[in-house]
Amino acid sequence: MNPLPRKLFATALLAAATTLAACGGGAAAQEDRAGISVVTSSYPLEFVAAAVAGGRAQVANLTPPGADTHGLELSPQQVGSLGEADLVVHLSGLQPAVDAALDQQAPAHVVDAAPLADLRGDPHFWLDPRRMADLGHDVAAGLTEVDPAGAAEYDAAAGRLEDSLTALDTEFTQALEPCRGATLVTSHEAFGYLAARYGLQQVGIAGIDPHVEPTPARVRDVVDAVRGRGVRTVFFEATTSPAVAETFADDLGAGTSVLHPVERVGTGQDYPGLLHENLEALRTGLTCG
């Protein structure tokens, strides 16, 4: 069975957005929608919130395009926007500045994605499309508390988002089925949810923190651990230096490739597009049976 085409997923998302934008109608409805504000703390959360809210709310992201999600610092205006928002969607424990602001001035309605992530380790739950679908339903419930009149629209939008993300998950599952059990060597351990979902064995050269350089001893230990596993690609993040991965790859006699943690999104990039780039990199870079 061939993987579902990328165009199908993009078309489904576009249809969902178009349908939501068209719902309602009338001057009064437009005024009501303009008054609902949703503030998110990172791009993956913004992606889900915008898909579910459609035209009924304004969705803003505290993290500027290309900025470091983990090290986010808030301006006084951003702190104020959190307290004044109708709904905040965040991941507690990931961004201390956001946690502190919410402790000081929490809005009435908050969706915390923490139950979808194990913050003792890798927080990047959004690399598992099915967890993102779960977040969509949580956001729909939060928006319904704020705007009960939009309940049916939010529920329907979350359902369409789930369908689209399930299609993406199916595409990954089919494409990576021959790779189950393969060793996924990454510059740091940001891809644990992806590895767990699709049966890969992640080995990180560094730990969770991408800003901590591995010691030479650590690099040697990881090279020894993966030697003989048929590793032919070492993956590094698009937003970090490839130096460590290249050095490791040279020691192993392997090549390098890029994986996106989908935190920093540039112009023309989006969640489904970056995940499809990841899938292509995995298909071509892993040693699959």
# chains A, B, ... in the order shown; residues from 1 in each chain; ligands from 1

call {"tool": "select_by_dssp", "arguments": {"residues": "range 59-211 of chain A", "states": "alpha helix (DSSP H)", "output": "number ranges by chain"}}
result
A: 76-84, 96-104, 129-146, 151-176, 192-198

call {"tool": "residues_around", "arguments": {"residues": "range 253-255 of chain A", "least_positions_apart": "4", "cutoff": "12 Å", "atoms": "only C-alpha atoms", "output": "PyMOL selection string"}}
result
chain A and resi 185+223+226-236+242+245-249+281+284-287

call {"tool": "write_last_selection", "arguments": {"atoms": "N, CA and C atoms", "output": "CSV table (one decimal), in the first residue's frame"}}
result
chain,number,residue,atom,x,y,z
A,185,VAL,N,20.4,7.8,15.1
A,185,VAL,CA,21.4,8.6,15.8
A,185,VAL,C,21.2,10.1,15.5
A,223,VAL,N,29.9,6.3,19.8
A,223,VAL,CA,30.4,5.7,18.5
A,223,VAL,C,30.6,4.2,18.8
A,226,VAL,N,27.1,2.3,18.9
A,226,VAL,CA,26.4,2.1,17.6
A,226,VAL,C,27.2,1.5,16.5
A,227,ARG,N,28.4,1.3,16.7
A,227,ARG,CA,29.2,0.7,15.7
A,227,ARG,C,28.8,-0.7,15.5
A,228,GLY,N,28.6,-1.1,14.2
A,228,GLY,CA,28.1,-2.5,13.9
A,228,GLY,C,26.6,-2.6,13.8
A,229,ARG,N,25.9,-1.5,14.0
A,229,ARG,CA,24.5,-1.5,13.8
A,229,ARG,C,24.0,-1.1,12.4
A,230,GLY,N,24.9,-0.9,11.5
A,230,GLY,CA,24.6,-0.5,10.2
A,230,GLY,C,24.1,0.9,10.0
A,231,VAL,N,24.6,1.8,10.9
A,231,VAL,CA,24.2,3.2,10.9
A,231,VAL,C,24.9,3.9,9.7
A,232,ARG,N,24.2,4.5,8.8
A,232,ARG,CA,24.8,5.2,7.7
A,232,ARG,C,24.5,6.7,7.6
A,233,THR,N,23.7,7.2,8.6
A,233,THR,CA,23.4,8.6,8.7
A,233,THR,C,23.3,9.1,10.1
A,234,VAL,N,23.9,10.2,10.4
A,234,VAL,CA,23.8,10.9,11.7
A,234,VAL,C,23.0,12.1,11.5
A,235,PHE,N,21.9,12.3,12.2
A,235,PHE,CA,21.0,13.4,12.0
A,235,PHE,C,21.3,14.5,13.0
A,236,PHE,N,21.2,15.8,12.5
A,236,PHE,CA,21.4,16.9,13.3
A,236,PHE,C,20.2,17.9,13.0
A,242,PRO,N,26.1,21.7,12.6
A,242,PRO,CA,26.3,20.3,12.3
A,242,PRO,C,27.6,19.8,12.7
A,245,ALA,N,27.7,16.5,14.8
A,245,ALA,CA,27.2,15.3,14.0
A,245,ALA,C,28.2,15.0,12.9
A,246,GLU,N,28.9,16.0,12.3
A,246,GLU,CA,29.8,15.7,11.2
A,246,GLU,C,31.1,15.0,11.8
A,247,THR,N,31.5,15.4,12.9
A,247,THR,CA,32.7,14.7,13.6
A,247,THR,C,32.3,13.3,13.9
A,248,PHE,N,31.1,13.1,14.5
A,248,PHE,CA,30.7,11.8,14.8
A,248,PHE,C,30.5,10.9,13.6
A,249,ALA,N,29.9,11.5,12.5
A,249,ALA,CA,29.8,10.7,11.3
A,249,ALA,C,31.1,10.3,10.7
A,281,ALA,N,13.8,12.4,5.0
A,281,ALA,CA,15.1,12.3,5.5
A,281,ALA,C,15.3,10.9,6.2
A,284,THR,N,15.4,8.0,3.6
A,284,THR,CA,16.6,7.9,2.8
A,284,THR,C,17.8,7.7,3.7
A,285,GLY,N,17.7,8.1,5.0
A,285,GLY,CA,18.9,8.0,5.8
A,285,GLY,C,19.0,6.8,6.7
A,286,LEU,N,17.9,6.2,7.0
A,286,LEU,CA,18.0,5.0,7.9
A,286,LEU,C,18.4,3.8,7.2
A,287,THR,N,18.9,2.8,7.9
A,287,THR,CA,19.2,1.5,7.3
A,287,THR,C,18.0,0.7,7.6

call {"tool": "residues_around", "arguments": {"residues": "Pro214 in chain A", "least_positions_apart": "3", "cutoff": "10 Å", "atoms": "only C-alpha atoms", "output": "mmCIF file with N, CA and C atoms, in the first residue's frame"}}
result
data_model
loop_
_atom_site.group_PDB
_atom_site.id
_atom_site.type_symbol
_atom_site.label_atom_id
_atom_site.label_comp_id
_atom_site.auth_asym_id
_atom_site.auth_seq_id
_atom_site.Cartn_x
_atom_site.Cartn_y
_atom_site.Cartn_z
ATOM 1 N N SER A 187 21.905 14.298 16.925
ATOM 2 C CA SER A 187 22.868 15.140 17.635
ATOM 3 C C SER A 187 22.459 15.362 19.082
ATOM 4 N N HIS A 188 21.156 15.479 19.335
ATOM 5 C CA HIS A 188 20.686 15.444 20.714
ATOM 6 C C HIS A 188 19.306 14.812 20.752
ATOM 7 N N GLY A 204 21.179 9.482 21.200
ATOM 8 C CA GLY A 204 21.594 10.880 21.117
ATOM 9 C C GLY A 204 23.061 11.048 21.455
ATOM 10 N N ILE A 205 23.769 11.812 20.639
ATOM 11 C CA ILE A 205 25.175 12.085 20.931
ATOM 12 C C ILE A 205 25.274 12.927 22.195
ATOM 13 N N ALA A 206 24.431 13.941 22.293
ATOM 14 C CA ALA A 206 24.316 14.733 23.518
ATOM 15 C C ALA A 206 23.012 14.345 24.205
ATOM 16 N N GLY A 207 22.694 15.026 25.288
ATOM 17 C CA GLY A 207 21.465 14.717 26.007
ATOM 18 C C GLY A 207 20.296 15.515 25.476
ATOM 19 N N PRO A 210 20.097 20.951 23.720
ATOM 20 C CA PRO A 210 20.900 21.100 22.508
ATOM 21 C C PRO A 210 22.076 22.054 22.679
ATOM 22 N N HIS A 211 22.085 22.830 23.760
ATOM 23 C CA HIS A 211 23.145 23.813 23.974
ATOM 24 C C HIS A 211 24.331 23.236 24.742
ATOM 25 N N ALA A 217 34.772 12.088 25.466
ATOM 26 C CA ALA A 217 34.538 10.743 26.001
ATOM 27 C C ALA A 217 33.133 10.263 25.662
ATOM 28 N N ARG A 218 32.153 11.166 25.768
ATOM 29 C CA ARG A 218 30.775 10.807 25.428
ATOM 30 C C ARG A 218 30.666 10.422 23.956
ATOM 31 N N VAL A 219 31.311 11.196 23.090
ATOM 32 C CA VAL A 219 31.270 10.897 21.656
ATOM 33 C C VAL A 219 31.868 9.526 21.395
ATOM 34 N N ARG A 220 32.999 9.222 22.021
ATOM 35 C CA ARG A 220 33.633 7.915 21.821
ATOM 36 C C ARG A 220 32.715 6.792 22.297
ATOM 37 N N VAL A 244 29.171 18.731 15.521
ATOM 38 C CA VAL A 244 29.250 17.519 16.328
ATOM 39 C C VAL A 244 28.814 16.312 15.510
#

call {"tool": "closest_residue", "arguments": {"among": "A:Val39, A:Leu275, A:Ala167, A:Leu176", "to": "Val139 in chain A", "atoms": "only C-alpha atoms"}}
result
A:Val39

call {"tool": "residues_around", "arguments": {"residues": "Glu162 in chain A", "least_positions_apart": "6", "cutoff": "12 Å", "atoms": "only C-alpha atoms", "output": "PyMOL selection string"}}
result
chain A and resi 9+12-13+16+48+51-52+129-138+140+155-156+168-170

call {"tool": "residues_around", "arguments": {"residues": "Pro44 in chain A", "least_positions_apart": "4", "cutoff": "8 Å", "atoms": "only C-alpha atoms", "output": "MDAnalysis selection string"}}
result
chainID A and resid 48 126 262:263 271

call {"tool": "residues_around", "arguments": {"residues": "Leu82 in chain A", "least_positions_apart": "3", "cutoff": "10 Å", "atoms": "only C-alpha atoms", "output": "list in words"}}
result
Ser37, Val38, Val39, Thr40, Ser41, Leu62, Gln77, Gln78, Val79, Ala85, Asp86, Leu87, Val88, Val89, Val98, Ala101, Leu102, Gln105, Ala106, Pro107 and Val110 of chain A

call {"tool": "select_by_dssp", "arguments": {"residues": "range 48-270 of chain A", "states": "strand (DSSP E)", "output": "list of chain:residue names"}}
result
A:Gln58, A:Val59, A:Ala60, A:Asn61, A:Leu87, A:Val88, A:Val89, A:His90, A:Val110, A:Val111, A:Asp112, A:Thr183, A:Leu184, A:Val185, A:Thr186, A:Gln201, A:Gln202, A:Val203, A:Gly204, A:Thr233, A:Val234, A:Phe235, A:Phe236, A:Glu237, A:Gly255, A:Thr256, A:Ser257, A:Val258, A:Leu259

call {"tool": "closest_residue", "arguments": {"among": "A:Asp112, A:Asp118, A:Asp224, A:Glu46", "to": "Asp270 in chain A", "atoms": "only C-alpha atoms"}}
result
A:Glu46
